[in-house]
Amino acid sequence: MSPTGPTPQFSTAEYASAAETCKSCKQAISGNYYRINGMLACQRCAEQVRQQSPRDSHAAYVRAITMGIGAAILGFILFAGFVIITGISLGYISLAVGYLIGKAMKMGSGGIGGRRYQIIAAALTYVAVSTTAIPIGIYYFNKGKTEHAPTAQSGSAGAKTQQHPPDDEQGGIVDNPPLEQQNFPQTKPKINYVALIGTLAWVGLASPFLELQQSPLNGLLGLVILLVGIRIAWQLTAGPKLEILGPFQDKPGSALPSAAT
Ligand SMILES: [Zn+2]
């Protein structure tokens, strides 16, 4: 927002000075005039500003989305990794994730922003943060399982499946399981991975709200932090606040076309 060089500055309002001079180059306006963010400007300055402002393009949008997805994955790994390694559930990482995604998208687009960039940035931040509940949940589920039943594999010999060859270390003696158990079909539950992934994704995406039901206070705090993270991503991918109106052919006099601003 602070370009070096002869870029006209329109941030400061100078309504008091002569109405017919360009607020950028301070020269008298002859012929057509423009309004840049409400400020009077001559044609030369308006064109200069227009040319210097980056133009949105499909390629820039695609690059921004690509970079944003990369940043979302990185943020996801950082968030889930931090919680799993430290055991601390720190919702504030949402802010870093939003920042990371916003910055990456702006980098990918070459500084271009706008509403369609903001929507992607917000969505990526939400997805990256909420789905961390999946690896974190799986980690704690497995951890709880191994802690509660650490010797589940060394159960009765009858429970052994064909995948487990007889243990020769134990003297090669393998009890023949009772007939009933032998004929019992190997009930290895067949996992429908598509359905499983679908369920996990759904639970992950809904986790900020599920958390709200489970522990309202923590859930609310997490949700608020997530919203702040989304807001960071949203603001970082905003478009330039540049509005160039014109050309106007009438001489800017007492009857200014947009004097209300
Ligand atoms: Zn000018």
# chains A, B, ... in the order shown; residues from 1 in each chain; ligands from 1
call {"tool": "residues_near_ligand", "arguments": {"ligand": "ligand 1", "cutoff": "12 Å", "atoms": "only C-alpha atoms and all ligand atoms", "output": "PyMOL selection string"}}
result
chain A and resi 6-10+20-36+39-49
call {"tool": "write_last_selection", "arguments": {"atoms": "C-alpha atoms", "output": "PDB file, in the first residue's frame"}}
result
ATOM      1  CA  PRO A   6       5.911   8.759  -8.362  1.00  0.00           C
ATOM      2  CA  THR A   7       2.632   7.099  -7.441  1.00  0.00           C
ATOM      3  CA  PRO A   8       0.016   9.701  -6.709  1.00  0.00           C
ATOM      4  CA  GLN A   9      -1.180   9.825  -3.160  1.00  0.00           C
ATOM      5  CA  PHE A  10      -4.855  10.185  -2.523  1.00  0.00           C
ATOM      6  CA  GLU A  20      -9.965  22.517 -10.388  1.00  0.00           C
ATOM      7  CA  THR A  21      -6.489  21.302  -9.620  1.00  0.00           C
ATOM      8  CA  CYS A  22      -5.435  17.684  -9.663  1.00  0.00           C
ATOM      9  CA  LYS A  23      -4.947  16.472  -6.115  1.00  0.00           C
ATOM     10  CA  SER A  24      -2.019  14.387  -7.245  1.00  0.00           C
ATOM     11  CA  CYS A  25       0.145  16.548  -9.461  1.00  0.00           C
ATOM     12  CA  LYS A  26      -1.311  19.850  -8.197  1.00  0.00           C
ATOM     13  CA  GLN A  27      -1.737  21.069 -11.715  1.00  0.00           C
ATOM     14  CA  ALA A  28      -4.813  22.684 -13.136  1.00  0.00           C
ATOM     15  CA  ILE A  29      -7.141  20.251 -14.799  1.00  0.00           C
ATOM     16  CA  SER A  30      -7.948  20.982 -18.383  1.00  0.00           C
ATOM     17  CA  GLY A  31     -10.473  18.876 -20.207  1.00  0.00           C
ATOM     18  CA  ASN A  32     -11.673  15.633 -18.652  1.00  0.00           C
ATOM     19  CA  TYR A  33     -11.273  15.031 -14.982  1.00  0.00           C
ATOM     20  CA  TYR A  34     -11.466  11.947 -12.812  1.00  0.00           C
ATOM     21  CA  ARG A  35     -12.172  11.054  -9.263  1.00  0.00           C
ATOM     22  CA  ILE A  36      -9.857   8.616  -7.525  1.00  0.00           C
ATOM     23  CA  MET A  39     -10.263  12.997  -5.083  1.00  0.00           C
ATOM     24  CA  LEU A  40     -10.087  15.122  -8.166  1.00  0.00           C
ATOM     25  CA  ALA A  41      -7.465  13.976 -10.615  1.00  0.00           C
ATOM     26  CA  CYS A  42      -6.354  14.808 -14.093  1.00  0.00           C
ATOM     27  CA  GLN A  43      -6.452  12.299 -16.908  1.00  0.00           C
ATOM     28  CA  ARG A  44      -2.723  11.651 -16.810  1.00  0.00           C
ATOM     29  CA  CYS A  45      -2.700  10.827 -13.113  1.00  0.00           C
ATOM     30  CA  ALA A  46      -5.851   8.691 -13.335  1.00  0.00           C
ATOM     31  CA  GLU A  47      -4.334   6.614 -16.100  1.00  0.00           C
ATOM     32  CA  GLN A  48      -1.101   6.297 -14.188  1.00  0.00           C
ATOM     33  CA  VAL A  49      -2.927   4.978 -11.125  1.00  0.00           C
TER      34      VAL A  49
END
call {"tool": "residues_around", "arguments": {"residues": "range 113-122 of chain A", "least_positions_apart": "3", "cutoff": "7 Å", "atoms": "only C-alpha atoms", "output": "list in words"}}
result
Gly68, Ile101, Gly102, Lys106, Thr125, Tyr126, Ile230, Ala233, Trp234, Thr237, Ala238, Gly239 and Pro240 of chain A
call {"tool": "atom_distance", "arguments": {"atom1": "CA of Val83 in chain A", "atom2": "CA of Leu196 in chain A"}}
result
23.0 Å
call {"tool": "closest_residue", "arguments": {"among": "A:Thr199, A:Ser53, A:Gln249, A:Gln235", "to": "Gly111 in chain A", "atoms": "only C-alpha atoms"}}
result
A:Ser53
call {"tool": "select_by_dssp", "arguments": {"residues": "range 17-249 of chain A", "states": "strand (DSSP E)", "output": "PyMOL selection string"}}
result
chain A and resi 33-36+39-42+244-248
call {"tool": "write_last_selection", "arguments": {"atoms": "N, CA and C atoms", "output": "mmCIF file, in the first residue's frame"}}
result
data_model
loop_
_atom_site.group_PDB
_atom_site.id
_atom_site.type_symbol
_atom_site.label_atom_id
_atom_site.label_comp_id
_atom_site.auth_asym_id
_atom_site.auth_seq_id
_atom_site.Cartn_x
_atom_site.Cartn_y
_atom_site.Cartn_z
ATOM 1 N N TYR A 33 -11.836 15.251 -16.318
ATOM 2 C CA TYR A 33 -11.273 15.031 -14.982
ATOM 3 C C TYR A 33 -11.806 13.720 -14.423
ATOM 4 N N TYR A 34 -11.141 13.258 -13.409
ATOM 5 C CA TYR A 34 -11.466 11.947 -12.812
ATOM 6 C C TYR A 34 -11.596 12.108 -11.312
ATOM 7 N N ARG A 35 -12.144 11.109 -10.720
ATOM 8 C CA ARG A 35 -12.172 11.054 -9.263
ATOM 9 C C ARG A 35 -11.562 9.732 -8.828
ATOM 10 N N ILE A 36 -10.504 9.824 -8.052
ATOM 11 C CA ILE A 36 -9.857 8.616 -7.525
ATOM 12 C C ILE A 36 -10.103 8.593 -6.032
ATOM 13 N N MET A 39 -11.152 11.851 -4.874
ATOM 14 C CA MET A 39 -10.263 12.997 -5.083
ATOM 15 C C MET A 39 -10.235 13.376 -6.565
ATOM 16 N N LEU A 40 -10.199 14.643 -6.785
ATOM 17 C CA LEU A 40 -10.087 15.122 -8.166
ATOM 18 C C LEU A 40 -8.722 14.734 -8.734
ATOM 19 N N ALA A 41 -8.729 14.325 -9.981
ATOM 20 C CA ALA A 41 -7.465 13.976 -10.615
ATOM 21 C C ALA A 41 -7.550 14.261 -12.100
ATOM 22 N N CYS A 42 -6.397 14.561 -12.656
ATOM 23 C CA CYS A 42 -6.354 14.808 -14.093
ATOM 24 C C CYS A 42 -6.274 13.471 -14.826
ATOM 25 N N ILE A 244 -11.727 4.461 -9.284
ATOM 26 C CA ILE A 244 -11.453 5.524 -10.245
ATOM 27 C C ILE A 244 -12.734 5.793 -11.027
ATOM 28 N N LEU A 245 -13.262 6.968 -10.847
ATOM 29 C CA LEU A 245 -14.470 7.362 -11.565
ATOM 30 C C LEU A 245 -14.100 8.363 -12.647
ATOM 31 N N GLY A 246 -14.779 8.277 -13.733
ATOM 32 C CA GLY A 246 -14.534 9.235 -14.793
ATOM 33 C C GLY A 246 -14.364 8.534 -16.123
ATOM 34 N N PRO A 247 -14.072 9.249 -17.149
ATOM 35 C CA PRO A 247 -13.860 10.693 -17.144
ATOM 36 C C PRO A 247 -15.166 11.486 -17.092
ATOM 37 N N PHE A 248 -15.087 12.592 -16.374
ATOM 38 C CA PHE A 248 -16.192 13.550 -16.373
ATOM 39 C C PHE A 248 -15.827 14.688 -17.298
#
call {"tool": "residues_around", "arguments": {"residues": "Ser57 in chain A", "least_positions_apart": "4", "cutoff": "9 Å", "atoms": "only C-alpha atoms", "output": "list in words"}}
result
Tyr61, Val62, Ser109 and Ile112 of chain A
call {"tool": "write_last_selection", "arguments": {"atoms": "N, CA and C atoms", "output": "PDB file, in the first residue's frame"}}
result
ATOM      1  N   TYR A  61      -5.668 -15.851 -10.121  1.00  0.00           N
ATOM      2  CA  TYR A  61      -6.620 -16.502  -9.214  1.00  0.00           C
ATOM      3  C   TYR A  61      -6.219 -17.952  -8.969  1.00  0.00           C
ATOM      4  N   VAL A  62      -5.871 -18.646 -10.059  1.00  0.00           N
ATOM      5  CA  VAL A  62      -5.467 -20.055  -9.938  1.00  0.00           C
ATOM      6  C   VAL A  62      -4.196 -20.171  -9.096  1.00  0.00           C
ATOM      7  N   SER A 109      -1.076 -14.549  -6.054  1.00  0.00           N
ATOM      8  CA  SER A 109      -1.769 -13.698  -7.020  1.00  0.00           C
ATOM      9  C   SER A 109      -0.919 -12.512  -7.436  1.00  0.00           C
ATOM     10  N   ILE A 112      -2.723  -9.298  -5.893  1.00  0.00           N
ATOM     11  CA  ILE A 112      -4.119  -9.031  -6.250  1.00  0.00           C
ATOM     12  C   ILE A 112      -5.035  -9.670  -5.210  1.00  0.00           C
TER      13      ILE A 112
END
call {"tool": "atom_distance", "arguments": {"atom1": "CA of Gln51 in chain A", "atom2": "CA of Arg231 in chain A"}}
result
29.4 Å
call {"tool": "atom_distance", "arguments": {"atom1": "CA of Phe82 in chain A", "atom2": "CA of Thr132 in chain A"}}
result
10.5 Å
call {"tool": "select_by_dssp", "arguments": {"residues": "range 9-107 of chain A", "states": "alpha helix (DSSP H)", "output": "VMD selection string"}}
result
chain A and resid 43 to 52 58 to 86 93 to 107
call {"tool": "write_last_selection", "arguments": {"atoms": "N, CA and C atoms", "output": "compact mmCIF listing (two decimals), in the first residue's frame"}}
result
# COMPACT_ATOMS: atom_id res chain seq x y z
N GLN A 43 -6.43 13.52 -16.11
CA GLN A 43 -6.45 12.30 -16.91
C GLN A 43 -5.13 11.55 -16.80
N ARG A 44 -4.05 12.28 -16.84
CA ARG A 44 -2.72 11.65 -16.81
C ARG A 44 -2.52 10.87 -15.50
N CYS A 45 -2.89 11.49 -14.41
CA CYS A 45 -2.70 10.83 -13.11
C CYS A 45 -3.65 9.64 -12.97
N ALA A 46 -4.88 9.79 -13.44
CA ALA A 46 -5.85 8.69 -13.34
C ALA A 46 -5.37 7.49 -14.12
N GLU A 47 -4.83 7.73 -15.30
CA GLU A 47 -4.33 6.61 -16.10
C GLU A 47 -3.12 5.97 -15.46
N GLN A 48 -2.30 6.82 -14.87
CA GLN A 48 -1.10 6.30 -14.19
C GLN A 48 -1.50 5.36 -13.04
N VAL A 49 -2.46 5.80 -12.26
CA VAL A 49 -2.93 4.98 -11.13
C VAL A 49 -3.54 3.68 -11.64
N ARG A 50 -4.33 3.80 -12.71
CA ARG A 50 -5.02 2.64 -13.25
C ARG A 50 -4.01 1.60 -13.76
N GLN A 51 -2.94 2.09 -14.38
CA GLN A 51 -1.95 1.17 -14.93
C GLN A 51 -1.11 0.52 -13.82
N GLN A 52 -0.90 1.27 -12.75
CA GLN A 52 -0.05 0.73 -11.69
C GLN A 52 -0.78 -0.25 -10.79
N HIS A 58 -7.42 -14.70 -14.47
CA HIS A 58 -7.69 -16.11 -14.12
C HIS A 58 -6.42 -16.78 -13.62
N ALA A 59 -5.30 -16.49 -14.28
CA ALA A 59 -4.02 -17.12 -13.89
C ALA A 59 -3.65 -16.72 -12.47
N ALA A 60 -3.85 -15.45 -12.14
CA ALA A 60 -3.53 -14.99 -10.78
C ALA A 60 -4.41 -15.68 -9.76
N TYR A 61 -5.67 -15.85 -10.12
CA TYR A 61 -6.62 -16.50 -9.21
C TYR A 61 -6.22 -17.95 -8.97
N VAL A 62 -5.87 -18.65 -10.06
CA VAL A 62 -5.47 -20.06 -9.94
C VAL A 62 -4.20 -20.17 -9.10
N ARG A 63 -3.23 -19.28 -9.34
CA ARG A 63 -1.99 -19.32 -8.55
C ARG A 63 -2.28 -19.05 -7.08
N ALA A 64 -3.17 -18.13 -6.83
CA ALA A 64 -3.52 -17.80 -5.44
C ALA A 64 -4.17 -19.00 -4.75
N ILE A 65 -5.06 -19.67 -5.48
CA ILE A 65 -5.74 -20.84 -4.88
C ILE A 65 -4.73 -21.95 -4.62
N THR A 66 -3.83 -22.16 -5.59
CA THR A 66 -2.81 -23.21 -5.42
C THR A 66 -1.96 -22.93 -4.18
N MET A 67 -1.50 -21.70 -4.08
CA MET A 67 -0.67 -21.32 -2.93
C MET A 67 -1.49 -21.42 -1.64
N GLY A 68 -2.75 -21.03 -1.73
CA GLY A 68 -3.61 -21.08 -0.55
C GLY A 68 -3.82 -22.50 -0.06
N ILE A 69 -4.00 -23.43 -0.99
CA ILE A 69 -4.18 -24.84 -0.61
C ILE A 69 -2.90 -25.36 0.04
N GLY A 70 -1.75 -24.99 -0.54
CA GLY A 70 -0.47 -25.40 0.04
C GLY A 70 -0.33 -24.88 1.47
N ALA A 71 -0.69 -23.62 1.66
CA ALA A 71 -0.60 -23.02 2.99
C ALA A 71 -1.59 -23.67 3.95
N ALA A 72 -2.75 -24.04 3.42
CA ALA A 72 -3.76 -24.69 4.27
C ALA A 72 -3.26 -26.05 4.76
N ILE A 73 -2.61 -26.78 3.85
CA ILE A 73 -2.06 -28.09 4.24
C ILE A 73 -0.96 -27.89 5.28
N LEU A 74 -0.11 -26.90 5.04
CA LEU A 74 0.97 -26.61 5.99
C LEU A 74 0.39 -26.23 7.35
N GLY A 75 -0.61 -25.37 7.33
CA GLY A 75 -1.25 -24.95 8.58
C GLY A 75 -1.91 -26.11 9.30
N PHE A 76 -2.54 -26.97 8.51
CA PHE A 76 -3.18 -28.18 9.06
C PHE A 76 -2.15 -29.04 9.78
N ILE A 77 -1.00 -29.25 9.11
CA ILE A 77 0.05 -30.10 9.71
C ILE A 77 0.61 -29.44 10.97
N LEU A 78 0.84 -28.13 10.90
CA LEU A 78 1.39 -27.41 12.06
C LEU A 78 0.44 -27.50 13.25
N PHE A 79 -0.84 -27.27 12.96
CA PHE A 79 -1.85 -27.25 14.01
C PHE A 79 -1.98 -28.64 14.64
N ALA A 80 -2.24 -29.64 13.80
CA ALA A 80 -2.44 -31.00 14.31
C ALA A 80 -1.16 -31.50 14.98
N GLY A 81 -0.01 -31.20 14.36
CA GLY A 81 1.26 -31.63 14.92
C GLY A 81 1.52 -31.02 16.28
N PHE A 82 1.22 -29.74 16.41
CA PHE A 82 1.45 -29.06 17.68
C PHE A 82 0.60 -29.69 18.79
N VAL A 83 -0.67 -29.90 18.49
CA VAL A 83 -1.57 -30.44 19.51
C VAL A 83 -1.16 -31.86 19.89
N ILE A 84 -0.80 -32.67 18.87
CA ILE A 84 -0.45 -34.06 19.15
C ILE A 84 0.86 -34.15 19.92
N ILE A 85 1.85 -33.33 19.50
CA ILE A 85 3.17 -33.43 20.13
C ILE A 85 3.15 -32.84 21.54
N THR A 86 2.55 -31.67 21.69
CA THR A 86 2.58 -31.01 23.00
C THR A 86 1.43 -31.46 23.90
N ILE A 93 -3.70 -21.16 17.26
CA ILE A 93 -3.00 -21.49 16.02
C ILE A 93 -3.88 -21.16 14.81
N SER A 94 -5.20 -21.09 15.04
CA SER A 94 -6.11 -20.68 13.97
C SER A 94 -5.71 -19.35 13.38
N LEU A 95 -5.22 -18.46 14.23
CA LEU A 95 -4.81 -17.13 13.76
C LEU A 95 -3.64 -17.26 12.81
N ALA A 96 -2.67 -18.10 13.18
CA ALA A 96 -1.50 -18.31 12.33
C ALA A 96 -1.89 -18.97 11.01
N VAL A 97 -2.85 -19.89 11.07
CA VAL A 97 -3.30 -20.57 9.86
C VAL A 97 -3.95 -19.56 8.91
N GLY A 98 -4.81 -18.72 9.45
CA GLY A 98 -5.45 -17.70 8.63
C GLY A 98 -4.44 -16.75 8.02
N TYR A 99 -3.46 -16.36 8.82
CA TYR A 99 -2.41 -15.47 8.34
C TYR A 99 -1.61 -16.12 7.20
N LEU A 100 -1.26 -17.38 7.44
CA LEU A 100 -0.46 -18.14 6.47
C LEU A 100 -1.20 -18.24 5.12
N ILE A 101 -2.48 -18.56 5.19
CA ILE A 101 -3.27 -18.74 3.97
C ILE A 101 -3.44 -17.40 3.24
N GLY A 102 -3.75 -16.36 4.00
CA GLY A 102 -3.92 -15.05 3.38
C GLY A 102 -2.65 -14.56 2.70
N LYS A 103 -1.53 -14.70 3.41
CA LYS A 103 -0.25 -14.26 2.85
C LYS A 103 0.12 -15.07 1.61
N ALA A 104 -0.08 -16.38 1.69
CA ALA A 104 0.28 -17.24 0.57
C ALA A 104 -0.56 -16.92 -0.67
N MET A 105 -1.84 -16.65 -0.45
CA MET A 105 -2.71 -16.34 -1.58
C MET A 105 -2.32 -15.01 -2.22
N LYS A 106 -2.01 -14.05 -1.38
CA LYS A 106 -1.61 -12.74 -1.90
C LYS A 106 -0.29 -12.86 -2.67
N MET A 107 0.57 -13.73 -2.16
CA MET A 107 1.84 -13.98 -2.86
C MET A 107 1.57 -14.65 -4.20
call {"tool": "closest_residue", "arguments": {"among": "A:Gly144, A:Gly108, A:Gly204, A:Gly229", "to": "Tyr92 in chain A", "atoms": "only C-alpha atoms"}}
result
A:Gly229
